[in-house]
$ cat upload37.cif   # mmCIF, C-alpha atoms
data_data
#
loop_
_atom_site.label_atom_id
_atom_site.label_comp_id
_atom_site.auth_asym_id
_atom_site.auth_seq_id
_atom_site.Cartn_x
_atom_site.Cartn_y
_atom_site.Cartn_z
CA MET N 6 13.42 47.58 46.29
CA LYS N 7 9.75 48.47 45.77
CA ILE N 8 10.16 49.47 42.11
CA PRO N 9 11.44 46.07 40.81
CA VAL N 10 8.68 44.22 42.67
CA VAL N 11 6.02 46.48 41.18
CA ALA N 12 7.64 46.21 37.73
CA ILE N 13 7.75 42.39 37.92
CA ALA N 14 4.12 42.32 39.06
CA LEU N 15 3.11 44.61 36.18
CA ILE N 16 5.02 42.51 33.63
CA GLY N 17 3.34 39.42 35.08
CA LEU N 18 -0.10 40.99 34.74
CA VAL N 19 0.60 42.11 31.17
CA LEU N 20 1.77 38.58 30.27
CA LEU N 21 -1.24 36.97 31.93
CA ALA N 22 -3.57 39.33 30.10
CA GLY N 23 -1.66 38.70 26.88
CA CYS N 24 -1.89 34.91 27.02
CA LYS N 25 -5.69 35.03 26.86
CA SER N 26 -7.34 33.95 23.65
CA THR N 27 -10.20 35.57 21.76
CA THR N 28 -12.93 33.73 19.87
CA VAL N 29 -15.20 34.98 17.10
CA ILE N 30 -18.31 32.91 16.34
CA ASP N 31 -20.41 33.17 13.17
CA GLU N 32 -23.69 31.34 12.83
CA TYR N 33 -25.79 30.78 9.74
CA ARG N 34 -29.20 29.10 9.88
CA GLU N 35 -30.64 27.44 6.81
CA THR N 36 -33.78 26.17 8.52
CA SER N 37 -35.78 27.95 11.21
CA VAL N 38 -36.30 24.86 13.35
CA ALA N 39 -33.44 22.74 14.68
CA SER N 40 -34.22 20.83 17.81
CA ILE N 41 -33.51 17.48 19.38
CA ILE N 42 -36.64 15.70 20.56
CA GLY N 43 -36.66 13.09 23.34
CA ASP N 44 -33.79 10.63 23.18
CA GLU N 45 -32.71 11.53 19.65
CA SER N 46 -28.95 11.64 19.27
CA ILE N 47 -26.35 13.46 17.22
CA VAL N 48 -22.94 12.46 15.96
CA VAL N 49 -19.96 14.84 15.74
CA LEU N 50 -17.56 13.87 12.95
CA GLY N 51 -14.29 15.33 11.67
CA ARG N 52 -13.54 16.02 8.01
CA ARG N 53 -10.10 14.66 7.13
CA HIS N 54 -9.93 14.79 3.34
CA SER N 55 -7.63 17.81 3.05
CA SER N 56 -3.97 17.05 2.39
CA GLY N 57 -2.66 20.12 4.22
CA TYR N 58 -4.32 19.64 7.59
CA GLU N 59 -6.45 17.19 9.52
CA THR N 60 -9.30 17.96 11.91
CA GLU N 61 -7.84 16.66 15.16
CA ASP N 62 -9.39 13.57 16.83
CA ASP N 63 -9.05 15.18 20.26
CA PHE N 64 -10.90 18.32 19.08
CA ILE N 65 -13.86 16.24 17.85
CA SER N 66 -13.84 14.27 21.09
CA CYS N 67 -13.70 17.54 23.09
CA VAL N 68 -16.74 19.00 21.27
CA GLY N 69 -18.65 15.73 21.74
CA LYS N 70 -17.86 15.57 25.47
CA SER N 71 -18.73 19.26 25.98
CA LEU N 72 -22.14 18.74 24.34
CA ASN N 73 -22.69 15.63 26.43
CA GLN N 74 -22.21 17.59 29.68
CA GLY N 75 -24.05 20.36 31.48
CA GLN N 76 -27.71 21.11 32.08
CA SER N 77 -29.03 20.76 28.53
CA GLU N 78 -27.11 17.55 27.85
CA ILE N 79 -27.20 16.24 24.28
CA ASN N 80 -26.86 12.54 23.50
CA VAL N 81 -23.67 12.41 21.39
CA ILE N 82 -22.45 9.19 19.74
CA PRO N 83 -18.63 9.00 20.04
CA GLU N 84 -16.97 9.47 16.63
CA LYS N 85 -14.87 6.27 16.69
CA ASP N 86 -17.84 4.10 17.75
CA PHE N 87 -19.96 5.53 14.96
CA VAL N 88 -17.33 5.33 12.19
CA ASP N 89 -16.34 1.77 13.18
CA SER N 90 -19.94 0.60 13.31
CA MET N 91 -20.68 2.16 9.89
CA TYR N 92 -17.53 0.79 8.20
CA PRO N 93 -16.89 1.16 5.21
CA TYR N 94 -19.31 4.06 4.58
CA PHE N 95 -17.85 6.82 6.80
CA GLU N 96 -14.13 6.52 6.05
CA THR N 97 -12.28 9.65 4.89
CA SER N 98 -12.56 8.65 1.22
CA THR N 99 -16.09 7.23 1.33
CA ALA N 100 -18.03 9.52 3.71
CA PRO N 101 -20.87 11.56 2.14
CA MET N 102 -19.74 15.10 1.29
CA ASP N 103 -23.24 16.55 1.09
CA VAL N 104 -26.75 15.86 2.41
CA ARG N 105 -27.92 14.49 -0.95
CA ASN N 106 -25.36 11.68 -0.72
CA LEU N 107 -26.40 11.01 2.88
CA GLY N 108 -29.93 10.50 1.55
CA LYS N 109 -28.66 7.98 -1.00
CA LEU N 110 -26.74 6.17 1.75
CA ALA N 111 -29.84 6.01 3.95
CA GLN N 112 -31.64 4.08 1.19
CA ILE N 113 -29.34 1.09 1.79
CA PRO N 114 -31.33 -1.11 4.23
CA VAL N 115 -28.38 -2.11 6.50
CA ILE N 116 -27.37 1.55 6.83
CA ALA N 117 -30.94 2.70 7.50
CA ASP N 118 -31.19 0.05 10.26
CA LYS N 119 -27.95 1.29 11.86
CA PHE N 120 -29.14 4.93 11.80
CA ASN N 121 -32.40 3.82 13.42
CA ASP N 122 -30.49 1.85 16.08
CA PHE N 123 -28.57 5.04 16.97
CA ASN N 124 -31.81 7.10 16.88
CA LEU N 125 -29.77 9.59 14.90
CA ARG N 126 -31.21 13.03 14.15
CA TYR N 127 -28.30 15.35 13.35
CA PHE N 128 -24.84 14.99 11.80
CA VAL N 129 -22.35 17.66 12.85
CA TRP N 130 -19.38 17.70 10.46
CA ILE N 131 -16.41 19.70 11.72
CA ASP N 132 -13.69 20.85 9.35
CA GLY N 133 -10.65 22.82 10.46
CA ALA N 134 -7.47 22.76 12.52
CA THR N 135 -5.35 24.64 15.04
CA GLU N 136 -2.11 25.96 13.64
CA ARG N 137 0.95 27.77 15.00
CA THR N 138 1.16 31.02 13.08
CA ASP N 139 4.22 32.58 14.71
CA SER N 140 6.86 31.83 17.34
CA SER N 141 9.91 33.69 18.59
CA GLY N 142 12.43 33.91 21.41
CA SER N 143 14.39 31.15 23.10
CA VAL N 144 14.89 29.54 26.49
CA SER N 145 18.28 28.05 27.34
CA CYS N 146 18.80 25.60 30.17
CA ALA N 147 22.08 24.51 31.72
CA VAL N 148 23.10 22.06 34.43
CA GLY N 149 26.35 22.37 36.36
CA PRO N 150 27.92 20.81 39.45
CA GLY N 151 26.36 23.55 41.59
CA GLY N 152 22.85 23.16 40.15
CA GLY N 153 20.96 24.11 37.06
CA GLY N 154 18.51 26.58 35.64
CA CYS N 155 16.92 28.14 32.61
CA PHE N 156 16.97 31.67 31.27
CA GLY N 157 15.21 33.35 28.38
CA PHE N 158 11.83 34.24 26.96
CA ALA N 159 9.74 32.61 24.24
CA TYR N 160 6.29 33.24 22.81
CA TRP N 161 4.09 31.61 20.19
CA LYS N 162 0.82 32.46 18.47
CA ASP N 163 -1.82 29.83 17.69
CA GLU N 164 -4.88 30.17 15.51
CA ALA N 165 -7.83 27.77 15.49
CA ASN N 166 -10.37 27.87 12.69
CA TYR N 167 -13.24 25.37 12.60
CA GLU N 168 -16.50 25.18 10.71
CA ALA N 169 -19.36 22.94 11.82
CA SER N 170 -21.97 21.96 9.23
CA ILE N 171 -25.18 20.63 10.78
CA TRP N 172 -27.22 18.17 8.70
CA ASP N 173 -30.75 17.22 9.67
CA PHE N 174 -31.11 13.51 8.92
CA LYS N 175 -34.92 13.51 9.25
CA GLN N 176 -35.40 16.39 6.79
CA LEU N 177 -32.31 15.43 4.74
CA ALA N 178 -31.31 19.09 4.66
CA LEU N 179 -28.55 21.40 5.83
CA SER N 180 -29.73 23.03 9.06
CA GLY N 181 -26.93 25.56 9.36
CA LYS N 182 -23.24 26.31 9.77
CA ILE N 183 -21.23 27.61 12.69
CA ASN N 184 -17.74 29.03 12.35
CA ALA N 185 -15.38 29.45 15.31
CA GLU N 186 -12.12 31.36 15.00
CA THR N 187 -9.87 31.56 18.06
CA LYS N 188 -6.53 33.37 18.29
CA GLY N 189 -4.15 33.45 21.22
CA THR N 190 -0.56 34.05 22.23
CA SER N 191 1.29 31.95 24.81
CA PHE N 192 4.38 33.10 26.70
CA MET N 193 7.16 31.28 28.51
CA PRO N 194 9.52 33.44 30.55
CA ALA N 195 12.32 31.53 32.29
CA ILE N 196 14.29 32.82 35.25
CA ILE N 197 15.82 29.65 36.75
CA ILE N 198 12.58 27.79 36.08
CA PRO N 199 10.43 28.14 32.92
CA ILE N 200 6.90 29.40 33.63
CA PRO N 201 4.57 28.54 30.72
CA MET N 202 1.53 30.80 30.36
CA LEU N 203 -0.61 29.04 27.82
CA ALA N 204 -3.44 30.56 25.79
CA ARG N 205 -5.23 27.15 25.32
CA VAL N 206 -6.47 28.15 21.87
CA GLN N 207 -7.79 24.73 20.79
CA GLU N 208 -9.56 24.12 24.11
CA ASN N 209 -11.26 27.53 23.97
CA ALA N 210 -12.30 26.99 20.34
CA CYS N 211 -13.79 23.64 21.35
CA LYS N 212 -15.81 25.08 24.24
CA SER N 213 -17.02 28.07 22.21
CA LEU N 214 -18.07 25.89 19.27
CA ALA N 215 -19.80 23.37 21.56
CA ASN N 216 -21.71 26.17 23.36
CA GLN N 217 -22.86 27.61 20.04
CA ILE N 218 -23.97 24.19 18.75
CA ARG N 219 -25.96 23.71 21.97
CA THR N 220 -27.57 27.14 21.49
CA PHE N 221 -28.29 26.27 17.85
CA PHE N 222 -30.43 23.34 18.97
CA SER N 223 -32.06 25.00 21.98
CA GLU N 224 -32.85 28.48 20.65
CA GLN N 225 -35.16 29.11 17.76
CA PRO N 226 -34.98 32.43 15.91
CA GLY N 227 -38.06 34.61 16.42
CA MET G 5 42.17 12.78 16.65
CA THR G 6 43.14 10.49 19.52
CA HIS G 7 41.45 7.15 20.38
CA ARG G 8 39.82 8.92 23.27
CA HIS G 9 37.96 11.14 20.77
CA ILE G 10 37.17 8.42 18.23
CA TYR G 11 35.06 6.27 20.59
CA PRO G 12 32.45 8.94 21.42
CA VAL G 13 32.23 9.91 17.72
CA CYS G 14 31.63 6.25 16.74
CA LEU G 15 29.03 5.89 19.49
CA LEU G 16 27.21 9.00 18.22
CA LEU G 17 27.26 7.67 14.63
CA ILE G 18 25.84 4.30 15.77
CA LEU G 19 23.15 6.05 17.80
CA ALA G 20 22.26 8.26 14.82
CA ALA G 21 21.95 5.17 12.56
CA CYS G 22 19.74 3.38 15.13
CA GLU G 23 17.56 6.48 15.30
CA GLN G 24 16.85 6.30 11.56
CA SER G 25 16.40 2.53 11.24
CA ILE G 26 12.90 1.04 11.58
CA SER G 27 11.83 -2.45 12.51
CA LEU G 28 8.05 -2.54 12.76
CA ARG G 29 5.41 -5.23 12.72
CA VAL G 30 2.11 -3.63 11.71
CA ASP G 31 -0.71 -4.17 14.16
CA SER G 32 -4.01 -3.52 12.38
CA GLU G 33 -7.58 -3.13 13.56
CA ILE G 34 -10.30 -3.39 10.90
CA PRO G 35 -13.97 -3.14 11.95
CA THR G 36 -16.61 -5.57 10.71
CA PRO G 37 -18.13 -4.08 7.54
CA VAL G 38 -21.89 -3.43 7.38
CA ILE G 39 -22.53 -4.57 3.83
CA ALA G 40 -25.09 -6.87 2.27
CA ARG G 41 -23.58 -10.29 1.50
CA MET G 42 -23.45 -11.39 -2.13
CA PRO G 43 -24.91 -14.87 -2.80
CA VAL G 44 -21.53 -16.23 -3.85
CA THR G 45 -19.09 -18.85 -2.54
CA MET G 46 -15.74 -17.14 -3.05
CA GLY G 47 -12.45 -18.99 -3.03
CA ILE G 48 -9.58 -16.89 -1.65
CA LEU G 49 -5.98 -17.44 -2.63
CA TYR G 50 -3.48 -15.94 -0.19
CA ARG G 51 -0.13 -16.33 -1.91
CA ASP G 52 3.05 -16.52 0.20
CA GLU G 53 4.15 -13.10 -1.15
CA LEU G 54 1.09 -11.53 0.51
CA ARG G 55 1.32 -13.61 3.69
CA ASN G 56 4.97 -12.70 4.23
CA TYR G 57 4.99 -9.18 2.80
CA VAL G 58 7.80 -7.08 4.27
CA TYR G 59 8.71 -3.59 3.08
CA GLU G 60 12.49 -3.32 3.15
CA GLU G 61 14.69 -0.37 2.30
CA ASN G 62 18.32 0.31 3.05
CA SER G 63 19.39 3.68 1.73
CA ASP G 64 21.32 6.62 3.18
CA GLU G 65 18.06 8.35 4.12
CA ARG G 66 16.33 5.17 5.32
CA PRO G 67 18.91 2.76 6.72
CA ASN G 68 17.61 -0.70 7.69
CA TRP G 69 13.90 -0.05 7.24
CA LYS G 70 11.87 -3.20 7.75
CA ILE G 71 8.07 -2.97 7.99
CA ASP G 72 6.36 -6.36 8.30
CA SER G 73 2.70 -6.12 7.30
CA GLY G 74 1.93 -9.65 5.95
CA SER G 75 -0.42 -10.69 8.76
CA SER G 76 -2.28 -7.35 8.53
CA HIS G 77 -3.07 -7.86 4.82
CA ILE G 78 -4.47 -11.33 5.57
CA ALA G 79 -6.50 -9.98 8.52
CA LEU G 80 -7.88 -7.19 6.32
CA PHE G 81 -9.03 -9.49 3.50
CA GLU G 82 -10.42 -12.10 5.92
CA GLN G 83 -12.51 -9.39 7.59
CA ILE G 84 -13.70 -7.73 4.37
CA LEU G 85 -14.30 -10.82 2.21
CA GLY G 86 -15.95 -12.70 5.07
CA SER G 87 -18.58 -9.92 5.21
CA MET G 88 -18.96 -9.47 1.45
CA PHE G 89 -19.77 -13.03 0.40
CA GLU G 90 -22.21 -15.62 1.68
CA GLN G 91 -19.36 -18.12 1.97
CA THR G 92 -15.60 -17.95 1.63
CA LYS G 93 -13.11 -20.77 1.30
CA GLU G 94 -9.34 -20.58 1.30
CA VAL G 95 -7.91 -22.30 -1.78
CA ALA G 96 -4.40 -23.34 -2.78
CA GLY G 97 -4.47 -22.18 -6.40
CA THR G 98 -6.53 -20.70 -9.22
CA ASP G 99 -7.04 -24.06 -10.97
CA SER G 100 -10.49 -25.51 -11.58
CA ASP G 101 -12.51 -25.88 -8.35
CA ALA G 102 -16.19 -26.84 -8.52
CA THR G 103 -16.83 -26.07 -4.83
CA VAL G 104 -16.51 -22.29 -5.37
CA ASP G 105 -18.10 -19.77 -7.76
CA ALA G 106 -14.85 -17.90 -8.32
CA VAL G 107 -11.37 -17.40 -6.86
CA LEU G 108 -10.05 -14.04 -5.68
CA ALA G 109 -6.28 -13.52 -5.41
CA PRO G 110 -5.09 -10.22 -3.85
CA SER G 111 -1.43 -9.18 -3.82
CA VAL G 112 0.51 -6.12 -2.66
CA ALA G 113 1.76 -4.19 -5.69
CA GLU G 114 3.37 -1.36 -3.76
CA MET G 115 3.69 0.26 -0.35
CA GLN G 116 5.08 3.74 0.32
CA PHE G 117 5.74 5.65 3.50
CA ALA G 118 6.60 9.23 4.41
CA LEU G 119 7.86 10.65 7.68
CA PRO G 120 7.08 14.19 8.91
CA ALA G 121 10.75 15.17 8.55
CA GLU G 122 10.77 14.06 4.91
CA THR G 123 7.64 15.96 3.86
CA LYS G 124 8.08 18.91 6.27
CA SER G 125 4.55 18.27 7.49
CA ASP G 126 2.98 17.14 10.77
CA PHE G 127 1.98 13.72 9.42
CA TYR G 128 3.18 10.16 9.08
CA GLU G 129 1.79 8.87 5.78
CA ALA G 130 1.30 5.45 4.19
CA TRP G 131 0.07 4.30 0.75
CA ILE G 132 -0.89 0.79 -0.27
CA LYS G 133 -1.67 -0.49 -3.75
CA TYR G 134 -3.18 -3.96 -4.13
CA ASP G 135 -3.52 -5.87 -7.38
CA VAL G 136 -6.63 -8.06 -7.31
CA GLU G 137 -7.28 -10.96 -9.70
CA LEU G 138 -10.60 -12.76 -10.05
CA TYR G 139 -10.78 -16.19 -11.69
CA ASN G 140 -13.75 -18.26 -12.78
CA ARG G 141 -14.29 -21.66 -11.11
CA ASP G 142 -12.75 -23.26 -14.24
CA GLY G 143 -9.56 -21.24 -13.72
CA SER G 144 -10.15 -18.74 -16.56
CA PRO G 145 -9.51 -15.07 -15.66
CA ILE G 146 -12.55 -12.79 -15.13
CA ALA G 147 -10.95 -9.50 -14.14
CA ASN G 148 -7.92 -7.84 -12.59
CA TRP G 149 -7.86 -4.36 -11.11
CA SER G 150 -6.02 -2.23 -8.55
CA VAL G 151 -7.19 -0.93 -5.21
CA THR G 152 -5.34 1.83 -3.36
CA GLY G 153 -5.46 3.03 0.21
CA TYR G 154 -4.03 6.10 1.93
CA GLY G 155 -3.61 6.85 5.60
CA LYS G 156 -2.07 9.57 7.69
CA SER G 157 -1.45 10.05 11.37
CA SER G 158 -0.53 13.30 13.07
CA THR G 159 2.60 13.82 15.11
CA GLU G 160 1.63 14.24 18.71
CA PHE G 161 3.53 14.91 21.89
CA MET G 162 5.14 11.67 23.16
CA LYS G 163 3.93 9.68 20.11
CA SER G 164 6.77 7.46 18.90
CA ARG G 165 7.71 7.12 15.22
CA ASP G 166 6.68 3.44 15.26
CA LYS G 167 3.24 4.30 16.69
CA GLY G 168 2.81 7.10 14.14
CA LEU G 169 3.71 4.85 11.21
CA ASN G 170 1.56 1.99 12.51
CA ALA G 171 -1.44 4.32 12.80
CA ALA G 172 -0.88 5.61 9.24
CA VAL G 173 -0.61 2.04 7.84
CA ASN G 174 -3.74 1.02 9.76
CA GLN G 175 -5.63 3.97 8.21
CA ALA G 176 -4.35 3.01 4.75
CA LEU G 177 -5.51 -0.60 5.27
CA ARG G 178 -8.97 0.60 6.39
CA ASP G 179 -9.16 2.89 3.38
CA ALA G 180 -8.11 0.16 0.94
CA GLY G 181 -10.63 -2.24 2.52
CA ALA G 182 -13.42 0.35 2.22
CA ARG G 183 -12.59 1.11 -1.42
CA PHE G 184 -12.39 -2.62 -2.22
CA ALA G 185 -15.72 -3.45 -0.57
CA LEU G 186 -17.61 -0.54 -2.14
CA GLY G 187 -15.89 -0.72 -5.53
CA PHE G 188 -16.01 -4.51 -6.12
CA SER G 189 -19.28 -4.69 -8.09
CA ARG G 190 -18.43 -1.42 -9.93
CA VAL G 191 -15.53 -3.10 -11.76
CA GLU G 192 -17.09 -3.62 -15.20
CA GLU G 193 -16.09 -7.28 -15.69
CA VAL G 194 -16.98 -8.13 -12.08
CA GLY G 195 -20.41 -6.50 -12.46
CA ALA G 196 -21.08 -8.56 -15.60
CA TRP G 197 -19.95 -11.76 -13.85
CA LEU G 198 -22.20 -11.01 -10.83
CA GLU G 199 -25.20 -10.52 -13.15
CA GLN G 200 -24.38 -13.87 -14.74
CA VAL G 201 -24.21 -15.53 -11.29
CA ASP G 202 -27.56 -13.92 -10.35
CA SER G 203 -29.28 -15.01 -13.57
CA SER G 204 -28.00 -18.61 -13.27
CA ALA G 205 -29.24 -18.69 -9.64
CA ASP G 206 -32.66 -17.39 -10.82
CA GLY G 207 -32.68 -20.04 -13.56
CA ALA G 208 -31.94 -22.76 -11.00
CA ASP G 209 -34.89 -21.54 -8.91
#
$ encode --input "upload37.cif" --output "structure tokens"
Amino acid sequence: MKIPVVAIALIGLVLLAGCKSTTVIDEYRETSVASIIGDESIVVLGRRHSSGYETEDDFISCVGKSLNQGQSEINVIPEKDFVDSMYPYFETSTAPMDVRNLGKLAQIPVIADKFNDFNLRYFVWIDGATERTDSSGSVSCAVGPGGGGCFGFAYWKDEANYEASIWDFKQLALSGKINAETKGTSFMPAIIIPIPMLARVQENACKSLANQIRTFFSEQPG
Amino acid sequence: MTHRHIYPVCLLLILAACEQSISLRVDSEIPTPVIARMPVTMGILYRDELRNYVYEENSDERPNWKIDSGSSHIALFEQILGSMFEQTKEVAGTDSDATVDAVLAPSVAEMQFALPAETKSDFYEAWIKYDVELYNRDGSPIANWSVTGYGKSSTEFMKSRDKGLNAAVNQALRDAGARFALGFSRVEEVGAWLEQVDSSADGAD
């Protein structure tokens, strides 16, 4: 009886280890200084002009909330509040695609007043998405007069790829870019009940990207 | 096939048809634009076709589709035009009216929709094309041009088809409103008319 218990425990450990996700972060700095002074704020915005994918609202909100928490808290303007209050200049089809166009926008007096009201220093534009790259297996469930249950095994692989471009509004220049790539495999074995073991790829990409953005503003290269 | 078998089959067919049919009244939310007002009193003509616009389709792929967006178009133009011009006034026609500088008459030229199952994507999509006519206060035409808007909304867990479509239409309305507001003075004939209005105001001063 000992062998099956050990085998099940080992399989469980392998699955748990397998459902972890890995993140690779790349950072590129254009300017040596990038810091938030006093009560200056930043806004985290999603790029949604691609036809094949859309940077998810909940990902942008997750990055914003993560930056807004912790010890070195950053004042982040929520994306919806910002885009609504700047309507019609930050819609998918009208938002500035580069810093030069942001400069032109800032010359419009009503826009300049709004930016001042927000005490805005940095724009963080995030472009990317989380996609399912592979899935296999199946879980079947059945219900009968004597009860019900599920049996089977399924797994799926997710890949998150996001790039954050940081624009300095005061200098009207690109401060840098951060790329986060997270991969993970989730499993769902089912013996009577399905037990999902999720890799939480998008959530991990969000936390990793937010941590790197925080570091970008707090650490200056030597 | 006995009667006993026919009834469940009929029920399944009815359920399948209900699943594909759509009856939706678009609920839109357009923010107040931050744009400088033009020194113009603009008459607005909302024709009944715009007020009561309903997209209807009844095909094998889209049985009994009915998407009522009339009130959303009116809400969009009220919000946008009210912020673009110093004064707006609803008018009943494009005939001569000395109380306004010009009359604007928007109409829906076309609306299109796509469901995730149709495009094999993860998005509900909506397109809107407006035809816009601008008339002088004496009723003579100044310009007519088209404004388009596109919106998409992702499929999410527990998000109903109606909610997905409504979100896509709302995005398309916002987009069309943004393009209209920012593109108005860039229409060649409109730009020339605005210059004329400016110079006559300067002359009056």
$ resolve_selection --input "upload37.cif" --expression "the PyMOL selection byres ((chain N) within 9 of (chain G))" --output "PDB file with C-alpha atoms, in the coordinates of the input"
ATOM      1  CA  GLY N  57      -2.660  20.120   4.220  1.00  0.00           C
ATOM      2  CA  TYR N  58      -4.320  19.640   7.590  1.00  0.00           C
ATOM      3  CA  GLU N  59      -6.450  17.190   9.520  1.00  0.00           C
ATOM      4  CA  GLU N  61      -7.840  16.660  15.160  1.00  0.00           C
ATOM      5  CA  ASP N  89     -16.340   1.770  13.180  1.00  0.00           C
ATOM      6  CA  SER N  90     -19.940   0.600  13.310  1.00  0.00           C
ATOM      7  CA  MET N  91     -20.680   2.160   9.890  1.00  0.00           C
ATOM      8  CA  TYR N  92     -17.530   0.790   8.200  1.00  0.00           C
ATOM      9  CA  PRO N  93     -16.890   1.160   5.210  1.00  0.00           C
ATOM     10  CA  TYR N  94     -19.310   4.060   4.580  1.00  0.00           C
ATOM     11  CA  GLU N  96     -14.130   6.520   6.050  1.00  0.00           C
ATOM     12  CA  THR N  97     -12.280   9.650   4.890  1.00  0.00           C
ATOM     13  CA  SER N  98     -12.560   8.650   1.220  1.00  0.00           C
ATOM     14  CA  THR N  99     -16.090   7.230   1.330  1.00  0.00           C
ATOM     15  CA  PRO N 114     -31.330  -1.110   4.230  1.00  0.00           C
ATOM     16  CA  VAL N 115     -28.380  -2.110   6.500  1.00  0.00           C
ATOM     17  CA  ILE N 116     -27.370   1.550   6.830  1.00  0.00           C
ATOM     18  CA  LYS N 119     -27.950   1.290  11.860  1.00  0.00           C
TER      19      LYS N 119
END
$ residues_around --input "upload37.cif" --residues "Leu49 in chain G" --least-positions-apart "3" --cutoff "7 Å" --atoms "all atoms listed in the file" --output "list in words"
Glu94, Val95, Ala96, Gly97, Val107, Leu108 and Ala109 of chain G
$ residues_around --input "upload37.cif" --residues "Gln116 in chain G" --least-positions-apart "3" --cutoff "9 Å" --atoms "only C-alpha atoms" --output "ChimeraX atom specification"
/G:59,129-133
$ atom_distance --input "upload37.cif" --atom1 "CA of Ile146 in chain G" --atom2 "CA of Val201 in chain G"
12.6 Å
$ resolve_selection --input "upload37.cif" --expression "the PyMOL selection byres ((chain N and resi 133) around 7)" --output "list in words"
Thr60, Ile131, Asp132, Ala134, Asn166, Tyr167 and Glu168 of chain N
$ atom_distance --input "upload37.cif" --atom1 "CA of Gln24 in chain G" --atom2 "CA of Phe117 in chain G"
13.7 Å
$ atom_distance --input "upload37.cif" --atom1 "CA of Thr159 in chain G" --atom2 "CA of Lys85 in chain N"
19.1 Å
$ residues_around --input "upload37.cif" --residues "Val104 in chain G" --least-positions-apart "6" --cutoff "6 Å" --atoms "only C-alpha atoms" --output "PyMOL selection string"
chain G and resi 45-47
